[in-house]
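Student: See structure_4.cif below, with mmCIF, C-alpha atoms.
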data_target
#
loop_
_atom_site.group_PDB
_atom_site.id
_atom_site.type_symbol
_atom_site.label_atom_id
_atom_site.label_comp_id
_atom_site.auth_asym_id
_atom_site.auth_seq_id
_atom_site.Cartn_x
_atom_site.Cartn_y
_atom_site.Cartn_z
ATOM 1 C CA MET A 276 83.218 -55.131 -48.677
ATOM 2 C CA LYS A 277 84.498 -54.490 -52.146
ATOM 3 C CA ILE A 278 82.241 -52.384 -54.394
ATOM 4 C CA SER A 279 82.301 -53.138 -58.111
ATOM 5 C CA ILE A 280 82.539 -50.545 -60.907
ATOM 6 C CA LYS A 281 79.010 -51.413 -61.974
ATOM 7 C CA GLN A 282 77.734 -50.779 -58.442
ATOM 8 C CA TYR A 283 79.505 -47.380 -58.299
ATOM 9 C CA ALA A 284 78.057 -46.477 -61.687
ATOM 10 C CA GLN A 285 74.554 -47.554 -60.622
ATOM 11 C CA SER A 286 74.843 -45.480 -57.427
ATOM 12 C CA LEU A 287 75.995 -42.445 -59.397
ATOM 13 C CA TYR A 288 73.092 -42.836 -61.802
ATOM 14 C CA GLU A 289 70.592 -43.041 -58.961
ATOM 15 C CA VAL A 290 72.049 -39.962 -57.266
ATOM 16 C CA VAL A 291 72.147 -37.929 -60.471
ATOM 17 C CA SER A 292 68.676 -38.915 -61.652
ATOM 18 C CA GLU A 293 67.084 -38.206 -58.295
ATOM 19 C CA SER A 294 68.800 -34.800 -57.867
ATOM 20 C CA GLU A 295 67.393 -31.528 -59.076
ATOM 21 C CA ASP A 296 69.232 -29.991 -62.029
ATOM 22 C CA SER A 297 70.869 -27.420 -59.756
ATOM 23 C CA ASN A 298 72.079 -30.050 -57.329
ATOM 24 C CA VAL A 299 73.649 -32.382 -59.888
ATOM 25 C CA GLN A 300 77.087 -30.769 -59.627
ATOM 26 C CA VAL A 301 77.030 -31.078 -55.841
ATOM 27 C CA ALA A 302 76.002 -34.712 -56.093
ATOM 28 C CA ILE A 303 78.853 -35.432 -58.479
ATOM 29 C CA LYS A 304 81.346 -33.687 -56.208
ATOM 30 C CA ASN A 305 80.136 -35.773 -53.276
ATOM 31 C CA PHE A 306 80.496 -38.912 -55.340
ATOM 32 C CA ILE A 307 84.102 -37.993 -56.230
ATOM 33 C CA SER A 308 84.839 -37.382 -52.534
ATOM 34 C CA ILE A 309 83.514 -40.841 -51.717
ATOM 35 C CA LEU A 310 85.722 -42.354 -54.423
ATOM 36 C CA LYS A 311 88.723 -40.549 -52.929
ATOM 37 C CA GLU A 312 87.856 -41.811 -49.465
ATOM 38 C CA HIS A 313 87.618 -45.345 -50.769
ATOM 39 C CA ARG A 314 90.830 -44.861 -52.785
ATOM 40 C CA GLN A 315 88.945 -45.742 -55.946
ATOM 41 C CA ILE A 316 89.498 -42.517 -57.907
ATOM 42 C CA ASN A 317 91.683 -44.375 -60.428
ATOM 43 C CA LYS A 318 88.559 -46.269 -61.505
ATOM 44 C CA ALA A 319 86.726 -43.049 -62.384
ATOM 45 C CA ASP A 320 87.106 -43.506 -66.165
ATOM 46 C CA LYS A 321 85.630 -46.983 -66.099
ATOM 47 C CA ILE A 322 82.840 -45.856 -63.800
ATOM 48 C CA ILE A 323 81.976 -43.024 -66.215
ATOM 49 C CA VAL A 324 81.843 -45.456 -69.149
ATOM 50 C CA GLU A 325 79.585 -47.773 -67.172
ATOM 51 C CA PHE A 326 77.463 -44.808 -65.996
ATOM 52 C CA LYS A 327 76.973 -43.744 -69.592
ATOM 53 C CA LYS A 328 75.793 -47.227 -70.518
ATOM 54 C CA ILE A 329 73.283 -47.238 -67.660
ATOM 55 C CA TRP A 330 72.160 -43.683 -68.466
ATOM 56 C CA ASN A 331 71.563 -44.550 -72.142
ATOM 57 C CA GLN A 332 69.852 -47.795 -71.268
ATOM 58 C CA GLU A 333 67.524 -46.242 -68.736
ATOM 59 C CA ARG A 334 66.620 -43.319 -70.971
ATOM 60 C CA GLY A 335 66.324 -45.247 -74.232
ATOM 61 C CA ILE A 336 69.258 -43.492 -75.858
ATOM 62 C CA VAL A 337 71.047 -45.243 -78.699
ATOM 63 C CA GLU A 338 74.621 -44.242 -79.507
ATOM 64 C CA GLY A 339 76.309 -45.050 -82.730
ATOM 65 C CA GLU A 340 78.365 -43.943 -85.701
ATOM 66 C CA LEU A 341 77.064 -42.749 -89.026
ATOM 67 C CA VAL A 342 79.560 -43.100 -91.850
ATOM 68 C CA SER A 343 78.931 -41.345 -95.161
ATOM 69 C CA ALA A 344 81.008 -40.495 -98.227
ATOM 70 C CA ARG A 345 80.367 -36.775 -97.732
ATOM 71 C CA GLU A 346 78.665 -34.531 -95.166
ATOM 72 C CA LEU A 347 74.958 -35.313 -95.233
ATOM 73 C CA GLY A 348 72.323 -32.570 -95.018
ATOM 74 C CA SER A 349 70.482 -32.081 -91.731
ATOM 75 C CA ASN A 350 67.235 -33.338 -93.295
ATOM 76 C CA VAL A 351 68.779 -36.650 -94.253
ATOM 77 C CA THR A 352 70.551 -36.989 -90.896
ATOM 78 C CA GLU A 353 67.289 -36.365 -89.045
ATOM 79 C CA LEU A 354 65.549 -38.861 -91.273
ATOM 80 C CA LEU A 355 68.171 -41.450 -90.437
ATOM 81 C CA ASN A 356 67.920 -40.655 -86.718
ATOM 82 C CA SER A 357 64.175 -41.037 -86.706
ATOM 83 C CA GLN A 358 64.479 -44.255 -88.654
ATOM 84 C CA ILE A 359 66.948 -45.662 -86.111
ATOM 85 C CA ILE A 360 64.656 -44.628 -83.229
ATOM 86 C CA LYS A 361 61.766 -46.394 -84.918
ATOM 87 C CA LEU A 362 63.836 -49.461 -85.773
ATOM 88 C CA LEU A 363 65.251 -49.929 -82.283
ATOM 89 C CA ASN A 364 62.207 -48.669 -80.441
ATOM 90 C CA ALA A 365 64.417 -46.064 -78.694
ATOM 91 C CA GLU A 366 63.739 -42.598 -77.298
ATOM 92 C CA GLU A 367 66.727 -40.904 -78.829
ATOM 93 C CA ALA A 368 69.536 -41.674 -81.255
ATOM 94 C CA GLN A 369 72.921 -40.043 -80.976
ATOM 95 C CA LEU A 370 74.903 -40.691 -84.140
ATOM 96 C CA LYS A 371 78.417 -39.369 -84.596
ATOM 97 C CA ASN A 372 78.931 -38.478 -88.240
ATOM 98 C CA LYS A 373 82.154 -39.633 -89.892
ATOM 99 C CA VAL A 374 83.174 -39.069 -93.521
ATOM 100 C CA ASP A 375 84.779 -41.909 -95.433
ATOM 101 C CA LYS A 376 85.075 -41.420 -99.204
ATOM 102 C CA ASP A 377 85.842 -45.088 -99.743
ATOM 103 C CA ILE A 378 82.199 -46.036 -99.259
ATOM 104 C CA LEU A 379 81.435 -43.928 -102.425
ATOM 105 C CA GLY A 380 77.873 -43.059 -101.381
ATOM 106 C CA GLY A 381 75.002 -44.032 -99.100
ATOM 107 C CA PHE A 382 75.710 -44.658 -95.426
ATOM 108 C CA VAL A 383 76.893 -47.125 -92.827
ATOM 109 C CA ILE A 384 75.446 -47.055 -89.313
ATOM 110 C CA LYS A 385 77.300 -48.850 -86.541
ATOM 111 C CA LEU A 386 75.355 -49.487 -83.323
ATOM 112 C CA GLY A 387 77.451 -51.598 -80.992
ATOM 113 C CA ASP A 388 77.752 -54.951 -82.689
ATOM 114 C CA THR A 389 75.052 -54.148 -85.233
ATOM 115 C CA VAL A 390 75.990 -52.660 -88.606
ATOM 116 C CA ILE A 391 73.474 -51.334 -91.106
ATOM 117 C CA ASP A 392 75.353 -51.080 -94.385
ATOM 118 C CA GLY A 393 73.543 -49.046 -97.030
ATOM 119 C CA SER A 394 76.671 -47.920 -98.828
ATOM 120 C CA ILE A 395 77.348 -48.040 -102.553
ATOM 121 C CA LYS A 396 80.618 -49.810 -101.796
ATOM 122 C CA ASN A 397 78.630 -52.594 -100.141
ATOM 123 C CA GLN A 398 76.301 -52.812 -103.141
ATOM 124 C CA LEU A 399 79.279 -53.056 -105.449
ATOM 125 C CA ASN A 400 80.789 -55.778 -103.284
ATOM 126 C CA LYS A 401 77.525 -57.717 -103.426
ATOM 127 C CA LEU A 402 77.420 -57.298 -107.191
ATOM 128 C CA LYS A 403 81.032 -58.454 -107.433
ATOM 129 C CA SER A 404 80.229 -61.494 -105.347
ATOM 130 C CA LYS A 405 77.213 -62.339 -107.544
ATOM 131 C CA LEU A 406 79.236 -61.954 -110.724
ATOM 132 C CA SER A 407 82.007 -64.173 -109.333
ATOM 133 C CA ASN A 408 79.639 -67.060 -108.484
ATOM 134 C CA MET B 16 135.303 -223.621 -131.648
ATOM 135 C CA GLY B 17 138.735 -225.148 -131.109
ATOM 136 C CA GLU B 18 139.275 -225.081 -134.861
ATOM 137 C CA VAL B 19 138.472 -221.423 -135.074
ATOM 138 C CA ILE B 20 140.862 -220.663 -132.271
ATOM 139 C CA SER B 21 143.611 -222.648 -133.839
ATOM 140 C CA THR B 22 142.951 -221.265 -137.289
ATOM 141 C CA PHE B 23 143.270 -217.707 -136.055
ATOM 142 C CA HIS B 24 146.086 -218.621 -133.582
ATOM 143 C CA VAL B 25 144.123 -217.212 -130.696
ATOM 144 C CA ASP B 26 145.871 -217.474 -127.420
ATOM 145 C CA ILE B 27 143.189 -217.700 -124.766
ATOM 146 C CA ARG B 28 145.464 -216.714 -121.984
ATOM 147 C CA LEU B 29 146.743 -213.797 -123.896
ATOM 148 C CA LEU B 30 143.214 -212.804 -124.702
ATOM 149 C CA ILE B 31 142.245 -213.036 -121.095
ATOM 150 C CA ALA B 32 145.301 -211.088 -120.114
ATOM 151 C CA GLN B 33 144.509 -208.486 -122.682
ATOM 152 C CA ALA B 34 140.916 -208.403 -121.499
ATOM 153 C CA VAL B 35 142.097 -207.931 -117.937
ATOM 154 C CA ASN B 36 144.457 -205.277 -119.116
ATOM 155 C CA PHE B 37 141.693 -203.656 -121.017
ATOM 156 C CA PHE B 38 139.423 -203.604 -118.001
ATOM 157 C CA ILE B 39 142.171 -202.296 -115.794
ATOM 158 C CA VAL B 40 142.978 -199.537 -118.274
ATOM 159 C CA PHE B 41 139.286 -198.920 -118.759
ATOM 160 C CA ALA B 42 138.740 -198.708 -115.015
ATOM 161 C CA ILE B 43 141.686 -196.404 -114.558
ATOM 162 C CA LEU B 44 140.531 -194.237 -117.430
ATOM 163 C CA TYR B 45 136.979 -194.283 -116.163
ATOM 164 C CA TYR B 46 137.912 -193.250 -112.663
ATOM 165 C CA PHE B 47 140.558 -190.769 -113.491
ATOM 166 C CA ALA B 48 139.533 -189.336 -116.842
ATOM 167 C CA VAL B 49 136.018 -190.140 -117.949
ATOM 168 C CA ARG B 50 134.279 -189.556 -114.656
ATOM 169 C CA PRO B 51 135.861 -186.146 -113.961
ATOM 170 C CA LEU B 52 135.309 -185.252 -117.564
ATOM 171 C CA MET B 53 131.653 -186.279 -117.325
ATOM 172 C CA LYS B 54 131.356 -184.364 -114.143
ATOM 173 C CA VAL B 55 132.890 -181.274 -115.740
ATOM 174 C CA LEU B 56 130.627 -181.726 -118.737
ATOM 175 C CA ALA B 57 127.593 -182.106 -116.509
ATOM 176 C CA GLU B 58 128.557 -178.987 -114.582
ATOM 177 C CA ARG B 59 129.122 -177.162 -117.830
ATOM 178 C CA SER B 60 125.754 -178.266 -119.129
ATOM 179 C CA LYS B 61 124.125 -177.145 -115.904
ATOM 180 C CA LYS B 62 125.880 -173.806 -116.102
ATOM 181 C CA ILE B 63 124.787 -173.365 -119.690
ATOM 182 C CA GLU B 64 121.281 -174.349 -118.732
ATOM 183 C CA ASN B 65 121.319 -171.878 -115.846
ATOM 184 C CA SER B 66 122.736 -169.225 -118.119
ATOM 185 C CA LEU B 67 119.974 -169.886 -120.593
ATOM 186 C CA LYS B 68 117.409 -169.699 -117.821
ATOM 187 C CA ASN B 69 118.979 -166.478 -116.564
ATOM 188 C CA ALA B 70 119.003 -165.096 -120.058
ATOM 189 C CA GLU B 71 115.305 -165.864 -120.383
ATOM 190 C CA GLN B 72 114.664 -164.258 -117.013
ATOM 191 C CA ILE B 73 116.687 -161.214 -117.977
ATOM 192 C CA GLU B 74 114.812 -161.042 -121.248
ATOM 193 C CA LYS B 75 111.521 -161.209 -119.398
ATOM 194 C CA GLU B 76 112.691 -158.561 -116.953
ATOM 195 C CA LEU B 77 113.901 -156.456 -119.835
ATOM 196 C CA ALA B 78 110.520 -156.793 -121.461
ATOM 197 C CA ASN B 79 108.835 -155.847 -118.172
ATOM 198 C CA ALA B 80 111.221 -152.940 -117.714
ATOM 199 C CA GLU B 81 110.449 -151.788 -121.234
ATOM 200 C CA LYS B 82 106.742 -152.012 -120.529
ATOM 201 C CA LYS B 83 107.189 -150.101 -117.307
ATOM 202 C CA ARG B 84 109.304 -147.476 -119.065
ATOM 203 C CA GLU B 85 106.675 -147.056 -121.711
ATOM 204 C CA GLU B 86 104.025 -146.799 -119.029
ATOM 205 C CA VAL B 87 106.087 -144.242 -117.127
ATOM 206 C CA ILE B 88 106.642 -142.242 -120.326
ATOM 207 C CA ARG B 89 102.929 -142.414 -121.105
ATOM 208 C CA GLN B 90 102.100 -141.313 -117.576
ATOM 209 C CA ALA B 91 104.683 -138.541 -117.752
ATOM 210 C CA LYS B 92 103.302 -137.404 -121.111
ATOM 211 C CA ARG B 93 99.772 -137.453 -119.718
ATOM 212 C CA GLU B 94 100.842 -135.479 -116.668
ATOM 213 C CA ALA B 95 102.858 -133.094 -118.820
ATOM 214 C CA ASN B 96 99.806 -132.566 -121.021
ATOM 215 C CA GLU B 97 97.647 -131.982 -117.976
ATOM 216 C CA ILE B 98 100.173 -129.513 -116.566
ATOM 217 C CA LEU B 99 100.401 -127.800 -119.932
ATOM 218 C CA SER B 100 96.664 -127.458 -120.248
ATOM 219 C CA GLU B 101 96.460 -126.258 -116.642
ATOM 220 C CA VAL B 102 99.204 -123.727 -117.318
ATOM 221 C CA GLU B 103 97.451 -122.634 -120.493
ATOM 222 C CA LYS B 104 94.182 -122.307 -118.608
ATOM 223 C CA LYS B 105 95.823 -120.314 -115.855
ATOM 224 C CA GLY B 106 97.670 -118.231 -118.402
ATOM 225 C CA GLU B 107 94.396 -117.487 -120.146
ATOM 226 C CA GLU B 108 92.737 -116.565 -116.864
ATOM 227 C CA ARG B 109 95.692 -114.369 -115.889
ATOM 228 C CA LYS B 110 95.606 -112.751 -119.302
ATOM 229 C CA LYS B 111 91.907 -112.013 -118.884
ATOM 230 C CA GLU B 112 92.501 -110.650 -115.373
ATOM 231 C CA MET B 113 95.334 -108.452 -116.570
ATOM 232 C CA MET B 114 93.256 -107.219 -119.495
ATOM 233 C CA ALA B 115 90.379 -106.391 -117.146
ATOM 234 C CA LYS B 116 92.731 -104.663 -114.720
ATOM 235 C CA ALA B 117 94.421 -102.720 -117.500
ATOM 236 C CA LYS B 118 91.010 -101.708 -118.836
ATOM 237 C CA GLU B 119 89.971 -100.605 -115.379
ATOM 238 C CA GLU B 120 93.174 -98.632 -114.918
ATOM 239 C CA ILE B 121 92.778 -96.968 -118.300
ATOM 240 C CA GLU B 122 89.179 -96.061 -117.451
ATOM 241 C CA GLY B 123 90.389 -94.677 -114.106
ATOM 242 C CA ILE B 124 93.064 -92.594 -115.816
ATOM 243 C CA VAL B 125 90.566 -91.330 -118.388
ATOM 244 C CA ASN B 126 88.057 -90.434 -115.664
ATOM 245 C CA LYS B 127 90.745 -88.774 -113.559
ATOM 246 C CA THR B 128 91.924 -86.801 -116.580
ATOM 247 C CA LYS B 129 88.343 -85.772 -117.297
ATOM 248 C CA GLU B 130 87.887 -84.730 -113.683
ATOM 249 C CA ASP B 131 91.171 -82.833 -113.713
ATOM 250 C CA LEU B 132 90.191 -81.120 -116.934
ATOM 251 C CA ASN B 133 86.811 -80.280 -115.480
ATOM 252 C CA ILE B 134 88.387 -78.886 -112.318
ATOM 253 C CA GLU B 135 90.864 -76.950 -114.437
ATOM 254 C CA LYS B 136 87.986 -75.628 -116.506
ATOM 255 C CA GLN B 137 86.051 -74.636 -113.377
ATOM 256 C CA ILE B 138 89.106 -72.900 -111.945
ATOM 257 C CA THR B 139 89.718 -71.043 -115.202
ATOM 258 C CA LEU B 140 86.045 -70.100 -115.423
ATOM 259 C CA LYS B 141 86.077 -68.916 -111.828
ATOM 260 C CA HIS B 142 89.221 -66.955 -112.504
ATOM 261 C CA ILE B 143 87.667 -65.336 -115.569
ATOM 262 C CA LYS B 144 84.498 -64.546 -113.605
ATOM 263 C CA ASN B 145 86.526 -63.027 -110.788
ATOM 264 C CA GLU B 146 88.541 -60.996 -113.244
ATOM 265 C CA ALA B 147 85.397 -59.818 -115.038
ATOM 266 C CA ALA B 148 83.669 -58.990 -111.730
ATOM 267 C CA GLU B 149 86.748 -57.108 -110.568
ATOM 268 C CA MET B 150 86.920 -55.157 -113.831
ATOM 269 C CA ILE B 151 83.210 -54.334 -113.869
ATOM 270 C CA THR B 152 83.025 -53.233 -110.232
ATOM 271 C CA SER B 153 86.289 -51.342 -110.529
ATOM 272 C CA ALA B 154 84.959 -49.490 -113.574
ATOM 273 C CA MET B 155 81.662 -48.808 -111.819
ATOM 274 C CA GLU B 156 83.530 -47.571 -108.757
ATOM 275 C CA LYS B 157 85.512 -45.130 -110.876
ATOM 276 C CA ILE B 158 82.422 -43.891 -112.748
ATOM 277 C CA LEU B 159 80.423 -43.540 -109.520
ATOM 278 C CA GLY B 160 83.358 -41.779 -107.856
ATOM 279 C CA LYS B 161 83.311 -39.200 -110.616
ATOM 280 C CA LYS B 162 79.552 -38.886 -111.105
ATOM 281 C CA MET B 163 78.478 -39.007 -107.466
ATOM 282 C CA ASN B 164 77.675 -35.680 -105.832
ATOM 283 C CA GLY B 165 75.839 -34.503 -102.732
ATOM 284 C CA ASP B 166 72.377 -34.459 -104.304
ATOM 285 C CA ILE B 167 72.669 -37.894 -105.856
ATOM 286 C CA ASP B 168 74.112 -39.246 -102.609
ATOM 287 C CA GLU B 169 71.281 -37.818 -100.514
ATOM 288 C CA SER B 170 68.628 -39.133 -102.866
ATOM 289 C CA TYR B 171 70.344 -42.527 -102.739
ATOM 290 C CA VAL B 172 70.348 -42.395 -98.921
ATOM 291 C CA ARG B 173 66.620 -41.561 -98.974
ATOM 292 C CA LYS B 174 65.994 -44.480 -101.297
ATOM 293 C CA VAL B 175 67.873 -46.843 -99.011
ATOM 294 C CA ILE B 176 65.846 -45.563 -96.033
ATOM 295 C CA GLU B 177 62.676 -46.220 -98.002
ATOM 296 C CA ASP B 178 63.878 -49.727 -98.800
ATOM 297 C CA VAL B 179 64.661 -50.318 -95.098
ATOM 298 C CA LYS B 180 61.148 -49.158 -94.176
ATOM 299 C CA LYS B 181 59.681 -51.780 -96.503
#
Hey, can you dump this file as structure tokens for me?
Tutor:
Amino acid sequence: MKISIKQYAQSLYEVVSESEDSNVQVAIKNFISILKEHRQINKADKIIVEFKKIWNQERGIVEGELVSARELGSNVTELLNSQIIKLLNAEEAQLKNKVDKDILGGFVIKLGDTVIDGSIKNQLNKLKSKLSN
Amino acid sequence: MGEVISTFHVDIRLLIAQAVNFFIVFAILYYFAVRPLMKVLAERSKKIENSLKNAEQIEKELANAEKKREEVIRQAKREANEILSEVEKKGEERKKEMMAKAKEEIEGIVNKTKEDLNIEKQITLKHIKNEAAEMITSAMEKILGKKMNGDIDESYVRKVIEDVKK
């Protein structure tokens, strides 16, 4: 019987979540041994990606990218995190901060297919569009 | 009677002979000259009479032919007049049609020109608007790029968060 990547990832999640913190490493090693036995070690990267998805989904973790024109202070970043948690009804938000001077100011948050654009560049584009019509 | 004859020396026998001679000559002349001549004359008269009759007939026919010719000419004139008036009528109608068509075409050209001008105007206006929008936003971008700093940026971010909350 062929086991899919999703099924491997689900199994890994179940093993890891049920194990004690001290036994997690052992559980992972066992899982890798099984993959080797099944000659599926080349699928490890894909399984990890899928595992991460399941992990985040099960634990209410939202991953995304926060783009700003300059490094934002921790207060503002926390404020944005909490706002995202509230907006998406999540437990935790993990935003990777990226600096892009082209957006001039404000921020852009990318969460999967969703984009929250609060940048000055976007405001200027909207203004430009209004002036053109 | 005898006295008269002797007075005038009339010879009865000679007279009779002369009378016989006369009748013989008369008969010969009658049969060989007068009769054929009469016959020729009668034929001639008949021919002349026929010719006269023919002439009358020809005259009548000529008169009829003339009448017919006149009638034909009249008919032809009438038909020609009818054709002329028909042609004139058709010409008038065609003229009216052409005038109407020309008017329509002119109106179409005028409308098309107006539309083209309007489109041209809209395009120019749009172009000007785009140019103006580009200039304004470009200027604003430059000013904001210079004026923007960390504090202003953070306060702007806070404002946007507040707006999102609403």
Student: The PyMOL selection byres ((chain A and resi 306) around 12) - which residues does that actually catch in the file I just gave you? List them as a list in words.
Tutor: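 After applying the PyMOL selection byres ((chain A and resi 306) around 12), what remains is Tyr283, Ala284, Gln285, Ser286, Leu287, Tyr288, Glu289, Val290, Val291, Val299, Gln300, Val301, Ala302, Ile303, Lys304, Asn305, Ile307, Ser308, Ile309, Leu310, Lys311, Glu312, His313, Gln315, Ile316, Ala319, Ile322 and Ile323 of chain A.
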Student: Could you write those residues out with C-alpha atoms, as a PDB file, in the frame of the given file?
Tutor:
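The new file again_0.pdb reads:
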ATOM      1  CA  TYR A 283      79.505 -47.380 -58.299  1.00  0.00           C
ATOM      2  CA  ALA A 284      78.057 -46.477 -61.687  1.00  0.00           C
ATOM      3  CA  GLN A 285      74.554 -47.554 -60.622  1.00  0.00           C
ATOM      4  CA  SER A 286      74.843 -45.480 -57.427  1.00  0.00           C
ATOM      5  CA  LEU A 287      75.995 -42.445 -59.397  1.00  0.00           C
ATOM      6  CA  TYR A 288      73.092 -42.836 -61.802  1.00  0.00           C
ATOM      7  CA  GLU A 289      70.592 -43.041 -58.961  1.00  0.00           C
ATOM      8  CA  VAL A 290      72.049 -39.962 -57.266  1.00  0.00           C
ATOM      9  CA  VAL A 291      72.147 -37.929 -60.471  1.00  0.00           C
ATOM     10  CA  VAL A 299      73.649 -32.382 -59.888  1.00  0.00           C
ATOM     11  CA  GLN A 300      77.087 -30.769 -59.627  1.00  0.00           C
ATOM     12  CA  VAL A 301      77.030 -31.078 -55.841  1.00  0.00           C
ATOM     13  CA  ALA A 302      76.002 -34.712 -56.093  1.00  0.00           C
ATOM     14  CA  ILE A 303      78.853 -35.432 -58.479  1.00  0.00           C
ATOM     15  CA  LYS A 304      81.346 -33.687 -56.208  1.00  0.00           C
ATOM     16  CA  ASN A 305      80.136 -35.773 -53.276  1.00  0.00           C
ATOM     17  CA  ILE A 307      84.102 -37.993 -56.230  1.00  0.00           C
ATOM     18  CA  SER A 308      84.839 -37.382 -52.534  1.00  0.00           C
ATOM     19  CA  ILE A 309      83.514 -40.841 -51.717  1.00  0.00           C
ATOM     20  CA  LEU A 310      85.722 -42.354 -54.423  1.00  0.00           C
ATOM     21  CA  LYS A 311      88.723 -40.549 -52.929  1.00  0.00           C
ATOM     22  CA  GLU A 312      87.856 -41.811 -49.465  1.00  0.00           C
ATOM     23  CA  HIS A 313      87.618 -45.345 -50.769  1.00  0.00           C
ATOM     24  CA  GLN A 315      88.945 -45.742 -55.946  1.00  0.00           C
ATOM     25  CA  ILE A 316      89.498 -42.517 -57.907  1.00  0.00           C
ATOM     26  CA  ALA A 319      86.726 -43.049 -62.384  1.00  0.00           C
ATOM     27  CA  ILE A 322      82.840 -45.856 -63.800  1.00  0.00           C
ATOM     28  CA  ILE A 323      81.976 -43.024 -66.215  1.00  0.00           C
TER      29      ILE A 323
END
Student: Ranking B:Lys157, B:Lys111, B:Lys54, B:Lys136 by minimum distance to chain A and counting all atoms listed in the file, which one comes first?
Tutor: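 Using all atoms listed in the file, chain A sits closest to B:Lys157.
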Student: Which of these, B:Val172, B:Leu140, B:Asp178, B:Arg50, has the shortest distance to Leu355 (chain A) once you count only C-alpha atoms?
Tutor: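 Between B:Val172, B:Leu140, B:Asp178, B:Arg50, the residue approaching Leu355 (chain A) most closely is B:Val172.
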Student: What separation in Å, quoted to one decimal, exists between CA of Ile151 (chain B) and CA of Asn408 (chain A)?
Tutor: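 Interatomic distance here is 14.3 Å.
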Student: I'd like the residues picked by the PyMOL selection byres ((chain B and resi 164) around 12) written out as a ChimeraX atom specification, using the chain letters and numbers from the file.
Tutor: /A:344-347,376,379-381 /B:158-163,165-171
Student: Produce a table with one row for each residue of chain A that has an atom at most 12 Å from any atom of chain B, each row naming the nearest atom pair and its distance in Å at one decimal; use only C-alpha atoms; arrange rows by chain and rising residue number; format as CSV.
Tutor:
residue,atom,partner,partner_atom,distance
A:Leu341,CA,B:Val172,CA,12.0
A:Val342,CA,B:Val172,CA,11.6
A:Ser343,CA,B:Asp168,CA,9.1
A:Ala344,CA,B:Asp168,CA,8.3
A:Arg345,CA,B:Gly165,CA,7.1
A:Glu346,CA,B:Gly165,CA,8.1
A:Leu347,CA,B:Glu169,CA,6.9
A:Gly348,CA,B:Glu169,CA,7.7
A:Ser349,CA,B:Glu169,CA,10.5
A:Asn350,CA,B:Glu169,CA,9.4
A:Val351,CA,B:Glu169,CA,6.8
A:Thr352,CA,B:Val172,CA,9.7
A:Glu353,CA,B:Arg173,CA,11.2
A:Leu354,CA,B:Ile176,CA,8.2
A:Leu355,CA,B:Ile176,CA,7.3
A:Asn356,CA,B:Ile176,CA,10.7
A:Ser357,CA,B:Ile176,CA,10.5
A:Gln358,CA,B:Ile176,CA,7.6
A:Ile359,CA,B:Ile176,CA,10.0
A:Lys361,CA,B:Lys180,CA,9.7
A:Leu362,CA,B:Lys180,CA,8.8
A:Lys376,CA,B:Gly160,CA,8.8
A:Asp377,CA,B:Gly160,CA,9.1
A:Ile378,CA,B:Gly160,CA,9.7
A:Leu379,CA,B:Gly160,CA,6.1
A:Gly380,CA,B:Asp168,CA,5.5
A:Gly381,CA,B:Val172,CA,4.9
A:Phe382,CA,B:Val172,CA,6.8
A:Val383,CA,B:Val172,CA,10.1
A:Ile384,CA,B:Ile176,CA,11.8
A:Ile391,CA,B:Val179,CA,9.7
A:Asp392,CA,B:Val175,CA,9.8
A:Gly393,CA,B:Val175,CA,6.4
A:Ser394,CA,B:Val172,CA,8.4
A:Ile395,CA,B:Glu156,CA,8.8
A:Lys396,CA,B:Glu156,CA,7.9
A:Asn397,CA,B:Thr152,CA,11.0
A:Gln398,CA,B:Thr152,CA,9.8
A:Leu399,CA,B:Thr152,CA,6.1
A:Asn400,CA,B:Thr152,CA,7.7
A:Lys401,CA,B:Thr152,CA,9.8
A:Leu402,CA,B:Thr152,CA,7.6
A:Lys403,CA,B:Ala148,CA,5.1
A:Ser404,CA,B:Ala148,CA,7.7
A:Lys405,CA,B:Ala148,CA,8.4
A:Leu406,CA,B:Ala148,CA,5.4
A:Ser407,CA,B:Asn145,CA,4.9
A:Asn408,CA,B:Lys141,CA,7.5
Student: Please give the centre and size of the box around region 317-321 of chain A (axis-aligned, containing every atom listed in the file, 4 Å added per side), with values in Å to one decimal and written as AutoDock Vina command-line options.
Tutor:
--center_x 88.7 --center_y -45.0 --center_z -63.3 --size_x 14.1 --size_y 11.9 --size_z 13.7
Student: In Å to one decimal, how far is CA of Asp296 (chain A) from CA of Val337 (chain A)?
Tutor: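 Going from CA of Val337 (chain A) over to CA of Asp296 (chain A), I get 22.7 Å.
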Student: Quick check, in Å to one decimal: how far apart do CA of Gln72 (chain B) and CA of Arg84 (chain B) lie?
Tutor: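 Atom-to-atom, CA of Gln72 (chain B) to CA of Arg84 (chain B), that is 17.7 Å.
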Student: Can you put N, CA and C atoms back into region 24-28 of chain B and show it as a PDB file, keeping the file's coordinate frame?
Tutor:
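Just written: selection.pdb:
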ATOM      1  N   HIS B  24     144.978-218.671-134.552  1.00  0.00           N
ATOM      2  CA  HIS B  24     146.086-218.621-133.582  1.00  0.00           C
ATOM      3  C   HIS B  24     145.762-217.784-132.385  1.00  0.00           C
ATOM      4  N   VAL B  25     144.566-217.994-131.881  1.00  0.00           N
ATOM      5  CA  VAL B  25     144.123-217.212-130.696  1.00  0.00           C
ATOM      6  C   VAL B  25     144.662-217.881-129.460  1.00  0.00           C
ATOM      7  N   ASP B  26     145.323-216.970-128.681  1.00  0.00           N
ATOM      8  CA  ASP B  26     145.871-217.474-127.420  1.00  0.00           C
ATOM      9  C   ASP B  26     144.929-217.048-126.330  1.00  0.00           C
ATOM     10  N   ILE B  27     144.232-218.005-125.753  1.00  0.00           N
ATOM     11  CA  ILE B  27     143.189-217.700-124.766  1.00  0.00           C
ATOM     12  C   ILE B  27     143.767-216.949-123.578  1.00  0.00           C
ATOM     13  N   ARG B  28     144.874-217.359-123.154  1.00  0.00           N
ATOM     14  CA  ARG B  28     145.464-216.714-121.984  1.00  0.00           C
ATOM     15  C   ARG B  28     145.839-215.269-122.257  1.00  0.00           C
TER      16      ARG B  28
END
